[in-house]
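Listing of input-v7.cif, mmCIF, C-alpha atoms, pLDDT in the B column; chains and numbers go by the auth columns
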```cif
data_target
#
loop_
_atom_site.group_PDB
_atom_site.id
_atom_site.type_symbol
_atom_site.label_atom_id
_atom_site.label_comp_id
_atom_site.label_asym_id
_atom_site.label_seq_id
_atom_site.Cartn_x
_atom_site.Cartn_y
_atom_site.Cartn_z
_atom_site.B_iso_or_equiv
_atom_site.auth_seq_id
_atom_site.auth_asym_id
ATOM 1 C CA MET A 1 8.823 -8.301 -14.737 87.00 191 Y
ATOM 2 C CA LYS A 2 9.477 -9.482 -18.286 90.00 192 Y
ATOM 3 C CA TYR A 3 10.143 -7.117 -21.166 91.00 193 Y
ATOM 4 C CA ILE A 4 8.388 -8.316 -24.333 93.00 194 Y
ATOM 5 C CA VAL A 5 11.094 -7.192 -26.752 91.00 195 Y
ATOM 6 C CA SER A 6 14.230 -5.051 -26.272 92.00 196 Y
ATOM 7 C CA THR A 7 16.500 -3.904 -29.090 93.00 197 Y
ATOM 8 C CA GLU A 8 19.835 -2.187 -29.657 92.00 198 Y
ATOM 9 C CA THR A 9 21.086 -1.028 -33.054 94.00 199 Y
ATOM 10 C CA LEU A 10 24.702 -0.791 -34.156 94.00 200 Y
ATOM 11 C CA ASN A 11 26.020 1.016 -37.240 94.00 201 Y
ATOM 12 C CA ILE A 12 28.936 -0.607 -39.042 94.00 202 Y
ATOM 13 C CA PRO A 13 31.553 1.505 -40.906 93.00 203 Y
ATOM 14 C CA ASP A 14 31.854 1.117 -44.679 92.00 204 Y
ATOM 15 C CA ASP A 15 35.333 -0.467 -44.634 93.00 205 Y
ATOM 16 C CA VAL A 16 34.252 -3.212 -42.174 94.00 206 Y
ATOM 17 C CA SER A 17 32.394 -6.407 -43.043 94.00 207 Y
ATOM 18 C CA LEU A 18 30.518 -8.331 -40.360 93.00 208 Y
ATOM 19 C CA LYS A 19 29.352 -11.960 -40.557 93.00 209 Y
ATOM 20 C CA ILE A 20 27.180 -13.565 -37.875 93.00 210 Y
ATOM 21 C CA ARG A 21 26.469 -17.277 -38.033 93.00 211 Y
ATOM 22 C CA SER A 22 24.834 -19.064 -35.069 93.00 212 Y
ATOM 23 C CA ARG A 23 25.898 -16.198 -32.748 93.00 213 Y
ATOM 24 C CA VAL A 24 29.579 -16.374 -33.757 95.00 214 Y
ATOM 25 C CA VAL A 25 30.554 -12.854 -34.822 95.00 215 Y
ATOM 26 C CA GLU A 26 33.319 -12.440 -37.413 95.00 216 Y
ATOM 27 C CA VAL A 27 34.525 -8.890 -38.099 95.00 217 Y
ATOM 28 C CA THR A 28 36.923 -8.139 -40.971 96.00 218 Y
ATOM 29 C CA GLY A 29 38.536 -4.736 -41.507 94.00 219 Y
ATOM 30 C CA PRO A 30 41.678 -3.037 -42.813 94.00 220 Y
ATOM 31 C CA ARG A 31 43.810 -4.286 -39.878 93.00 221 Y
ATOM 32 C CA GLY A 32 42.681 -7.931 -40.035 94.00 222 Y
ATOM 33 C CA LYS A 33 39.994 -10.285 -38.777 96.00 223 Y
ATOM 34 C CA LEU A 34 38.574 -10.939 -35.287 95.00 224 Y
ATOM 35 C CA VAL A 35 36.163 -13.697 -34.233 96.00 225 Y
ATOM 36 C CA LYS A 36 34.071 -13.733 -31.045 96.00 226 Y
ATOM 37 C CA ASP A 37 31.798 -16.564 -29.916 96.00 227 Y
ATOM 38 C CA LEU A 38 28.612 -15.198 -28.308 94.00 228 Y
ATOM 39 C CA SER A 39 26.641 -18.455 -28.411 93.00 229 Y
ATOM 40 C CA HIS A 40 26.274 -18.497 -24.611 94.00 230 Y
ATOM 41 C CA ILE A 41 24.145 -15.306 -24.702 91.00 231 Y
ATOM 42 C CA ALA A 42 20.516 -15.715 -25.818 90.00 232 Y
ATOM 43 C CA VAL A 43 20.227 -12.779 -28.229 93.00 233 Y
ATOM 44 C CA THR A 44 18.935 -12.529 -31.796 93.00 234 Y
ATOM 45 C CA PHE A 45 20.812 -10.710 -34.552 93.00 235 Y
ATOM 46 C CA THR A 46 18.975 -9.154 -37.488 92.00 236 Y
ATOM 47 C CA ILE A 47 20.183 -6.929 -40.326 91.00 237 Y
ATOM 48 C CA PRO A 48 17.324 -4.521 -41.195 91.00 238 Y
ATOM 49 C CA LYS A 49 19.404 -2.654 -43.787 90.00 239 Y
ATOM 50 C CA LYS A 50 22.961 -2.619 -45.118 90.00 240 Y
ATOM 51 C CA GLN A 51 25.705 -1.791 -42.544 91.00 241 Y
ATOM 52 C CA VAL A 52 23.241 -1.874 -39.593 94.00 242 Y
ATOM 53 C CA VAL A 53 22.927 -4.724 -37.087 94.00 243 Y
ATOM 54 C CA GLN A 54 19.975 -4.996 -34.721 95.00 244 Y
ATOM 55 C CA ILE A 55 20.405 -6.996 -31.503 95.00 245 Y
ATOM 56 C CA GLU A 56 17.163 -8.211 -29.901 94.00 246 Y
ATOM 57 C CA ILE A 57 16.089 -10.149 -26.847 93.00 247 Y
ATOM 58 C CA HIS A 58 12.535 -11.418 -26.382 93.00 248 Y
ATOM 59 C CA HIS A 59 10.758 -11.964 -23.041 92.00 249 Y
ATOM 60 C CA GLY A 60 13.861 -11.150 -21.033 90.00 250 Y
ATOM 61 C CA SER A 61 14.134 -10.109 -17.399 92.00 251 Y
ATOM 62 C CA ARG A 62 16.073 -7.016 -16.387 92.00 252 Y
ATOM 63 C CA LYS A 63 19.344 -8.960 -16.202 91.00 253 Y
ATOM 64 C CA ASN A 64 18.783 -10.487 -19.644 90.00 254 Y
ATOM 65 C CA VAL A 65 18.105 -7.039 -21.131 91.00 255 Y
ATOM 66 C CA ALA A 66 21.372 -5.780 -19.583 92.00 256 Y
ATOM 67 C CA THR A 67 23.277 -8.244 -21.790 93.00 257 Y
ATOM 68 C CA LEU A 68 22.131 -6.307 -24.886 93.00 258 Y
ATOM 69 C CA ARG A 69 24.488 -3.399 -24.266 94.00 259 Y
ATOM 70 C CA THR A 70 27.254 -5.836 -23.352 95.00 260 Y
ATOM 71 C CA VAL A 71 26.905 -7.597 -26.709 95.00 261 Y
ATOM 72 C CA LYS A 72 26.773 -4.219 -28.491 95.00 262 Y
ATOM 73 C CA SER A 73 29.954 -3.077 -26.693 96.00 263 Y
ATOM 74 C CA ILE A 74 31.765 -6.328 -27.534 96.00 264 Y
ATOM 75 C CA ILE A 75 30.958 -5.941 -31.250 96.00 265 Y
ATOM 76 C CA GLN A 76 31.891 -2.229 -31.120 96.00 266 Y
ATOM 77 C CA ASN A 77 35.277 -3.179 -29.587 96.00 267 Y
ATOM 78 C CA LEU A 78 35.830 -5.719 -32.385 96.00 268 Y
ATOM 79 C CA ILE A 79 35.065 -3.040 -35.001 95.00 269 Y
ATOM 80 C CA THR A 80 37.446 -0.574 -33.301 95.00 270 Y
ATOM 81 C CA GLY A 81 40.126 -3.289 -33.195 95.00 271 Y
ATOM 82 C CA VAL A 82 40.012 -4.047 -36.917 95.00 272 Y
ATOM 83 C CA THR A 83 39.893 -0.352 -37.909 95.00 273 Y
ATOM 84 C CA LYS A 84 42.130 1.469 -35.400 95.00 274 Y
ATOM 85 C CA GLY A 85 43.759 -1.188 -33.185 95.00 275 Y
ATOM 86 C CA TYR A 86 44.572 -0.880 -29.474 96.00 276 Y
ATOM 87 C CA LYS A 87 47.711 0.449 -27.791 96.00 277 Y
ATOM 88 C CA TYR A 88 48.617 0.218 -24.089 97.00 278 Y
ATOM 89 C CA LYS A 89 51.672 1.997 -22.677 96.00 279 Y
ATOM 90 C CA MET A 90 53.336 0.599 -19.546 96.00 280 Y
ATOM 91 C CA ARG A 91 55.935 2.397 -17.385 95.00 281 Y
ATOM 92 C CA TYR A 92 58.580 0.827 -15.152 94.00 282 Y
ATOM 93 C CA VAL A 93 58.345 2.203 -11.613 93.00 283 Y
ATOM 94 C CA TYR A 94 61.276 1.658 -9.262 93.00 284 Y
ATOM 95 C CA ALA A 95 62.799 3.471 -6.296 92.00 285 Y
ATOM 96 C CA HIS A 96 66.268 1.917 -6.017 91.00 286 Y
ATOM 97 C CA PHE A 97 66.889 -1.148 -8.186 93.00 287 Y
ATOM 98 C CA PRO A 98 66.382 -0.405 -11.907 94.00 288 Y
ATOM 99 C CA ILE A 99 64.133 -2.950 -13.621 94.00 289 Y
ATOM 100 C CA ASN A 100 65.552 -4.557 -16.779 95.00 290 Y
ATOM 101 C CA VAL A 101 63.091 -5.809 -19.401 95.00 291 Y
ATOM 102 C CA ASN A 102 64.155 -7.884 -22.427 95.00 292 Y
ATOM 103 C CA ILE A 103 61.712 -8.455 -25.288 94.00 293 Y
ATOM 104 C CA GLU A 104 62.101 -11.600 -27.391 94.00 294 Y
ATOM 105 C CA LYS A 105 59.930 -13.356 -29.969 92.00 295 Y
ATOM 106 C CA ASN A 106 59.328 -17.074 -29.536 88.00 296 Y
ATOM 107 C CA LYS A 107 59.928 -18.710 -32.929 86.00 297 Y
ATOM 108 C CA GLU A 108 57.820 -21.872 -32.370 89.00 298 Y
ATOM 109 C CA GLN A 109 54.679 -20.191 -31.016 89.00 299 Y
ATOM 110 C CA ASP A 110 55.175 -16.842 -32.832 90.00 300 Y
ATOM 111 C CA LEU A 111 54.389 -14.989 -29.573 93.00 301 Y
ATOM 112 C CA TYR A 112 56.327 -12.229 -27.835 95.00 302 Y
ATOM 113 C CA GLU A 113 57.914 -12.959 -24.451 94.00 303 Y
ATOM 114 C CA LEU A 114 59.037 -10.523 -21.762 94.00 304 Y
ATOM 115 C CA GLU A 115 61.915 -11.237 -19.419 95.00 305 Y
ATOM 116 C CA ILE A 116 61.888 -9.050 -16.279 95.00 306 Y
ATOM 117 C CA ARG A 117 65.148 -8.944 -14.283 95.00 307 Y
ATOM 118 C CA ASN A 118 66.417 -7.164 -11.153 94.00 308 Y
ATOM 119 C CA PHE A 119 62.910 -6.448 -9.800 93.00 309 Y
ATOM 120 C CA LEU A 120 63.550 -5.188 -6.213 92.00 310 Y
ATOM 121 C CA GLY A 121 67.106 -6.503 -6.645 93.00 311 Y
ATOM 122 C CA GLU A 122 65.880 -10.110 -6.721 92.00 312 Y
ATOM 123 C CA LYS A 123 67.836 -12.734 -8.658 94.00 313 Y
ATOM 124 C CA ILE A 124 64.671 -14.431 -9.932 94.00 314 Y
ATOM 125 C CA VAL A 125 63.862 -13.854 -13.612 95.00 315 Y
ATOM 126 C CA ARG A 126 60.183 -13.361 -14.410 95.00 316 Y
ATOM 127 C CA HIS A 127 58.876 -14.584 -17.779 95.00 317 Y
ATOM 128 C CA VAL A 128 55.601 -13.312 -19.265 95.00 318 Y
ATOM 129 C CA THR A 129 54.211 -14.604 -22.583 95.00 319 Y
ATOM 130 C CA MET A 130 51.942 -12.261 -24.526 95.00 320 Y
ATOM 131 C CA LYS A 131 48.563 -13.326 -25.855 95.00 321 Y
ATOM 132 C CA GLU A 132 48.028 -14.078 -29.541 94.00 322 Y
ATOM 133 C CA GLY A 133 48.237 -11.041 -31.828 93.00 323 Y
ATOM 134 C CA VAL A 134 49.934 -8.757 -29.258 95.00 324 Y
ATOM 135 C CA THR A 135 53.239 -7.086 -30.143 95.00 325 Y
ATOM 136 C CA VAL A 136 55.558 -5.477 -27.602 96.00 326 Y
ATOM 137 C CA GLU A 137 58.249 -2.894 -28.245 95.00 327 Y
ATOM 138 C CA PRO A 138 60.137 -0.318 -26.190 95.00 328 Y
ATOM 139 C CA SER A 139 58.853 3.245 -26.605 93.00 329 Y
ATOM 140 C CA LYS A 140 60.895 5.496 -28.828 92.00 330 Y
ATOM 141 C CA GLY A 141 62.232 8.577 -27.053 90.00 331 Y
ATOM 142 C CA VAL A 142 60.828 7.601 -23.633 92.00 332 Y
ATOM 143 C CA LYS A 143 62.975 5.794 -21.099 92.00 333 Y
ATOM 144 C CA ASP A 144 61.513 2.911 -19.051 92.00 334 Y
ATOM 145 C CA GLN A 145 58.355 2.437 -21.111 95.00 335 Y
ATOM 146 C CA ILE A 146 56.987 -0.343 -23.342 96.00 336 Y
ATOM 147 C CA GLU A 147 54.057 -0.313 -25.760 95.00 337 Y
ATOM 148 C CA LEU A 148 51.670 -3.221 -26.272 96.00 338 Y
ATOM 149 C CA THR A 149 49.694 -3.121 -29.529 96.00 339 Y
ATOM 150 C CA GLY A 150 47.138 -5.419 -31.126 95.00 340 Y
ATOM 151 C CA ASN A 151 43.686 -5.715 -32.632 95.00 341 Y
ATOM 152 C CA SER A 152 41.872 -7.517 -29.799 95.00 342 Y
ATOM 153 C CA VAL A 153 41.252 -5.333 -26.740 96.00 343 Y
ATOM 154 C CA GLU A 154 40.881 -8.476 -24.622 96.00 344 Y
ATOM 155 C CA ASN A 155 44.282 -9.872 -25.596 96.00 345 Y
ATOM 156 C CA VAL A 156 46.117 -6.544 -25.257 96.00 346 Y
ATOM 157 C CA SER A 157 44.606 -5.713 -21.859 96.00 347 Y
ATOM 158 C CA GLN A 158 45.100 -9.270 -20.556 97.00 348 Y
ATOM 159 C CA SER A 159 48.765 -9.185 -21.606 96.00 349 Y
ATOM 160 C CA ALA A 160 49.203 -5.871 -19.747 96.00 350 Y
ATOM 161 C CA ALA A 161 47.520 -7.379 -16.689 97.00 351 Y
ATOM 162 C CA ASP A 162 49.799 -10.446 -16.843 96.00 352 Y
ATOM 163 C CA ILE A 163 52.873 -8.192 -16.897 96.00 353 Y
ATOM 164 C CA GLN A 164 51.615 -6.188 -13.922 96.00 354 Y
ATOM 165 C CA GLN A 165 50.729 -9.352 -11.985 96.00 355 Y
ATOM 166 C CA ALA A 166 54.219 -10.796 -12.552 95.00 356 Y
ATOM 167 C CA CYS A 167 55.708 -7.833 -10.662 93.00 357 Y
ATOM 168 C CA LEU A 168 53.798 -7.955 -7.397 93.00 358 Y
ATOM 169 C CA VAL A 169 55.701 -7.056 -4.223 91.00 359 Y
ATOM 170 C CA LYS A 170 55.675 -9.923 -1.716 91.00 360 Y
ATOM 171 C CA ASN A 171 56.392 -9.820 2.043 92.00 361 Y
ATOM 172 C CA LYS A 172 56.869 -6.039 2.131 91.00 362 Y
ATOM 173 C CA ASP A 173 54.737 -3.013 2.886 92.00 363 Y
ATOM 174 C CA ILE A 174 53.081 -2.287 -0.479 88.00 364 Y
ATOM 175 C CA ARG A 175 52.480 1.336 0.540 90.00 365 Y
ATOM 176 C CA LYS A 176 56.250 1.924 0.534 91.00 366 Y
ATOM 177 C CA PHE A 177 57.309 -0.508 -2.211 91.00 367 Y
ATOM 178 C CA LEU A 178 55.446 0.762 -5.253 92.00 368 Y
ATOM 179 C CA ASP A 179 57.836 -0.891 -7.711 93.00 369 Y
ATOM 180 C CA GLY A 180 56.450 -2.663 -10.767 93.00 370 Y
ATOM 181 C CA LEU A 181 55.220 -2.220 -14.330 95.00 371 Y
ATOM 182 C CA TYR A 182 51.972 -0.263 -14.564 95.00 372 Y
ATOM 183 C CA VAL A 183 49.670 0.798 -17.415 96.00 373 Y
ATOM 184 C CA SER A 184 50.150 4.540 -17.864 95.00 374 Y
ATOM 185 C CA GLU A 185 48.075 5.138 -20.990 94.00 375 Y
ATOM 186 C CA ARG A 186 45.529 3.233 -23.070 94.00 376 Y
ATOM 187 C CA GLY A 187 44.031 4.125 -26.415 93.00 377 Y
ATOM 188 C CA THR A 188 43.996 3.311 -30.117 94.00 378 Y
ATOM 189 C CA ILE A 189 46.950 2.987 -32.494 90.00 379 Y
ATOM 190 C CA ALA A 190 45.389 5.241 -35.137 81.00 380 Y
ATOM 191 C CA GLU A 191 44.951 8.546 -33.334 74.00 381 Y
ATOM 192 C CA ASP A 192 41.677 10.397 -33.919 59.00 382 Y
#
```
The structure given in the file should be rewritten as structure tokens.
Amino acid sequence: MKYIVSTETLNIPDDVSLKIRSRVVEVTGPRGKLVKDLSHIAVTFTIPKKQVVQIEIHHGSRKNVATLRTVKSIIQNLITGVTKGYKYKMRYVYAHFPINVNIEKNKEQDLYELEIRNFLGEKIVRHVTMKEGVTVEPSKGVKDQIELTGNSVENVSQSAADIQQACLVKNKDIRKFLDGLYVSERGTIAED
């Protein structure tokens, strides 16, 4: 069954400006600018009045209509990123061998790099490079915790996933060896 027309509306805050040109969304706010290419999704953007965006799809099947909320959520995440920002907290979990994490900034690429040592007592040093726009720092007042912050939820969450994936336990019973770096808390930088 085809739906003739389906729409979703999205309200934009006053301190955020949104530009859409050939389905490339550019959101600018107090924390910076984010750009997302949505040209692979067949939706139509209209602006019925100031600070309101209407997302439409014509003659779409049920799966096509489902992309409407996805597009709305993506734009909402961009707006949240440029107004509040995203913060992920990661804890070090270890039973016997304490994990050492060094944070350095690469001068050429201007990206943060993590160096993970002594994971399960292994001599191998694990290197993880953060995505663009993600900053890493040790938590103040909390031992064995780092904080990842940035405007793009995709880059911050992917950086956290890369860190967790670097510390996978190999050739052991993973029910007993729960060591690693895990996301303990996720939210926005500017608290509500």
Taking the file as shown, find all residues satisfying the PyMOL selection byres ((chain Y and resi 230-236) around 10) and write them as a ChimeraX atom specification.
/Y:196-199,210-215,227-229,237-239,242-248,250,254-255,257-258,261
Explicit residue set for the PyMOL selection byres ((chain Y and resi 321) around 9), as a list in words:
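With the shown file as input, the PyMOL selection byres ((chain Y and resi 321) around 9) matches Leu301, Tyr302, Thr319, Met320, Glu322, Gly323, Val324, Thr325, Asn345, Val346, Gln348 and Ser349 of chain Y.
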Computed interatomic separation between atom CA of Y:Gly311 and atom CA of Y:Gln335 (Å):
19.1 Å
Which value, in Å to one decimal, gives the distance between atom CA of Y:Glu375 and atom CA of Y:Val217?
25.9 Å
Selection result of the PyMOL selection byres ((chain Y and resi 220-225) around 12) on this file, as an mmCIF file with C-alpha atoms, in the frame of the given file:
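Final output, part27.cif:
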```cif
data_model
loop_
_atom_site.group_PDB
_atom_site.id
_atom_site.type_symbol
_atom_site.label_atom_id
_atom_site.label_comp_id
_atom_site.auth_asym_id
_atom_site.auth_seq_id
_atom_site.Cartn_x
_atom_site.Cartn_y
_atom_site.Cartn_z
ATOM 1 C CA PRO Y 203 31.553 1.505 -40.906
ATOM 2 C CA ASP Y 204 31.854 1.117 -44.679
ATOM 3 C CA ASP Y 205 35.333 -0.467 -44.634
ATOM 4 C CA VAL Y 206 34.252 -3.212 -42.174
ATOM 5 C CA SER Y 207 32.394 -6.407 -43.043
ATOM 6 C CA LEU Y 208 30.518 -8.331 -40.360
ATOM 7 C CA LYS Y 209 29.352 -11.960 -40.557
ATOM 8 C CA ILE Y 210 27.180 -13.565 -37.875
ATOM 9 C CA ARG Y 211 26.469 -17.277 -38.033
ATOM 10 C CA ARG Y 213 25.898 -16.198 -32.748
ATOM 11 C CA VAL Y 214 29.579 -16.374 -33.757
ATOM 12 C CA VAL Y 215 30.554 -12.854 -34.822
ATOM 13 C CA GLU Y 216 33.319 -12.440 -37.413
ATOM 14 C CA VAL Y 217 34.525 -8.890 -38.099
ATOM 15 C CA THR Y 218 36.923 -8.139 -40.971
ATOM 16 C CA GLY Y 219 38.536 -4.736 -41.507
ATOM 17 C CA LYS Y 226 34.071 -13.733 -31.045
ATOM 18 C CA ASP Y 227 31.798 -16.564 -29.916
ATOM 19 C CA LEU Y 228 28.612 -15.198 -28.308
ATOM 20 C CA ILE Y 264 31.765 -6.328 -27.534
ATOM 21 C CA ILE Y 265 30.958 -5.941 -31.250
ATOM 22 C CA GLN Y 266 31.891 -2.229 -31.120
ATOM 23 C CA ASN Y 267 35.277 -3.179 -29.587
ATOM 24 C CA LEU Y 268 35.830 -5.719 -32.385
ATOM 25 C CA ILE Y 269 35.065 -3.040 -35.001
ATOM 26 C CA THR Y 270 37.446 -0.574 -33.301
ATOM 27 C CA GLY Y 271 40.126 -3.289 -33.195
ATOM 28 C CA VAL Y 272 40.012 -4.047 -36.917
ATOM 29 C CA THR Y 273 39.893 -0.352 -37.909
ATOM 30 C CA LYS Y 274 42.130 1.469 -35.400
ATOM 31 C CA GLY Y 275 43.759 -1.188 -33.185
ATOM 32 C CA TYR Y 276 44.572 -0.880 -29.474
ATOM 33 C CA GLU Y 322 48.028 -14.078 -29.541
ATOM 34 C CA GLY Y 323 48.237 -11.041 -31.828
ATOM 35 C CA THR Y 339 49.694 -3.121 -29.529
ATOM 36 C CA GLY Y 340 47.138 -5.419 -31.126
ATOM 37 C CA ASN Y 341 43.686 -5.715 -32.632
ATOM 38 C CA SER Y 342 41.872 -7.517 -29.799
ATOM 39 C CA VAL Y 343 41.252 -5.333 -26.740
ATOM 40 C CA GLU Y 344 40.881 -8.476 -24.622
ATOM 41 C CA ASN Y 345 44.282 -9.872 -25.596
ATOM 42 C CA ILE Y 379 46.950 2.987 -32.494
ATOM 43 C CA ALA Y 380 45.389 5.241 -35.137
#
```
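Using all atoms listed in the file, the shortest contact distance between Y:Ser347 and any of Y:Arg376, Y:Lys295, Y:Lys313, Y:Lys362 is found at Y:Arg376.
Note that atom CA of Y:Lys240 and atom CA of Y:Ile194 are 26.0 Å apart.
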Might I get the box with edges along x, y and z of the file that holds all atoms of stretch 289-299 of chain Y listed there, padded by 8 Å on every side, given as centre and edge lengths in Å to one decimal, as AutoDock Vina command-line options?
```
--center_x 60.1 --center_y -12.4 --center_z -23.3 --size_x 26.9 --size_y 34.9 --size_z 35.3
```
Residues near Y:Val373, cut-off 8 Å, only C-alpha atoms, skip fewer than 5 positions along chain, as a PyMOL selection string
chain Y and resi 278-281+350
Go ahead and save the residues from that selection, with C-alpha atoms, as a PDB file, in the coordinates of the input.
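Output file result11.pdb is given in full below:
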```pdb
ATOM      1  CA  TYR Y 278      48.617   0.218 -24.089  1.00 97.00           C
ATOM      2  CA  LYS Y 279      51.672   1.997 -22.677  1.00 96.00           C
ATOM      3  CA  MET Y 280      53.336   0.599 -19.546  1.00 96.00           C
ATOM      4  CA  ARG Y 281      55.935   2.397 -17.385  1.00 95.00           C
ATOM      5  CA  ALA Y 350      49.203  -5.871 -19.747  1.00 96.00           C
TER       6      ALA Y 350
END
```
Please complete stretch 249-266 of chain Y so it has N, CA and C atoms, and hand it over as a short mmCIF file (atom, residue, chain, number, x, y, z; two decimals), in the frame of the given file.
```
data_model
loop_
_atom_site.label_atom_id
_atom_site.label_comp_id
_atom_site.auth_asym_id
_atom_site.auth_seq_id
_atom_site.Cartn_x
_atom_site.Cartn_y
_atom_site.Cartn_z
N HIS Y 249 11.25 -11.46 -24.34
CA HIS Y 249 10.76 -11.96 -23.04
C HIS Y 249 11.91 -12.12 -22.04
N GLY Y 250 12.72 -11.09 -21.95
CA GLY Y 250 13.86 -11.15 -21.03
C GLY Y 250 13.59 -10.39 -19.75
N SER Y 251 14.22 -10.84 -18.67
CA SER Y 251 14.13 -10.11 -17.40
C SER Y 251 15.11 -8.93 -17.47
N ARG Y 252 15.21 -8.20 -16.39
CA ARG Y 252 16.07 -7.02 -16.39
C ARG Y 252 17.54 -7.40 -16.61
N LYS Y 253 17.96 -8.51 -16.02
CA LYS Y 253 19.34 -8.96 -16.20
C LYS Y 253 19.60 -9.41 -17.63
N ASN Y 254 18.62 -10.06 -18.25
CA ASN Y 254 18.78 -10.49 -19.64
C ASN Y 254 18.89 -9.28 -20.57
N VAL Y 255 18.09 -8.24 -20.30
CA VAL Y 255 18.10 -7.04 -21.13
C VAL Y 255 19.44 -6.31 -20.98
N ALA Y 256 20.07 -6.43 -19.81
CA ALA Y 256 21.37 -5.78 -19.58
C ALA Y 256 22.46 -6.38 -20.49
N THR Y 257 22.27 -7.63 -20.92
CA THR Y 257 23.28 -8.24 -21.79
C THR Y 257 23.29 -7.62 -23.19
N LEU Y 258 22.19 -6.93 -23.56
CA LEU Y 258 22.13 -6.31 -24.89
C LEU Y 258 23.26 -5.31 -25.10
N ARG Y 259 23.42 -4.40 -24.13
CA ARG Y 259 24.49 -3.40 -24.27
C ARG Y 259 25.87 -4.04 -24.19
N THR Y 260 25.98 -5.13 -23.42
CA THR Y 260 27.25 -5.84 -23.35
C THR Y 260 27.62 -6.40 -24.72
N VAL Y 261 26.66 -7.04 -25.38
CA VAL Y 261 26.90 -7.60 -26.71
C VAL Y 261 27.24 -6.49 -27.70
N LYS Y 262 26.52 -5.36 -27.60
CA LYS Y 262 26.77 -4.22 -28.49
C LYS Y 262 28.19 -3.69 -28.27
N SER Y 263 28.61 -3.57 -27.01
CA SER Y 263 29.95 -3.08 -26.69
C SER Y 263 31.03 -4.03 -27.19
N ILE Y 264 30.78 -5.34 -27.07
CA ILE Y 264 31.76 -6.33 -27.53
C ILE Y 264 31.97 -6.19 -29.04
N ILE Y 265 30.85 -6.07 -29.80
CA ILE Y 265 30.96 -5.94 -31.25
C ILE Y 265 31.60 -4.60 -31.62
N GLN Y 266 31.28 -3.54 -30.87
CA GLN Y 266 31.89 -2.23 -31.12
C GLN Y 266 33.40 -2.28 -30.89
#
```
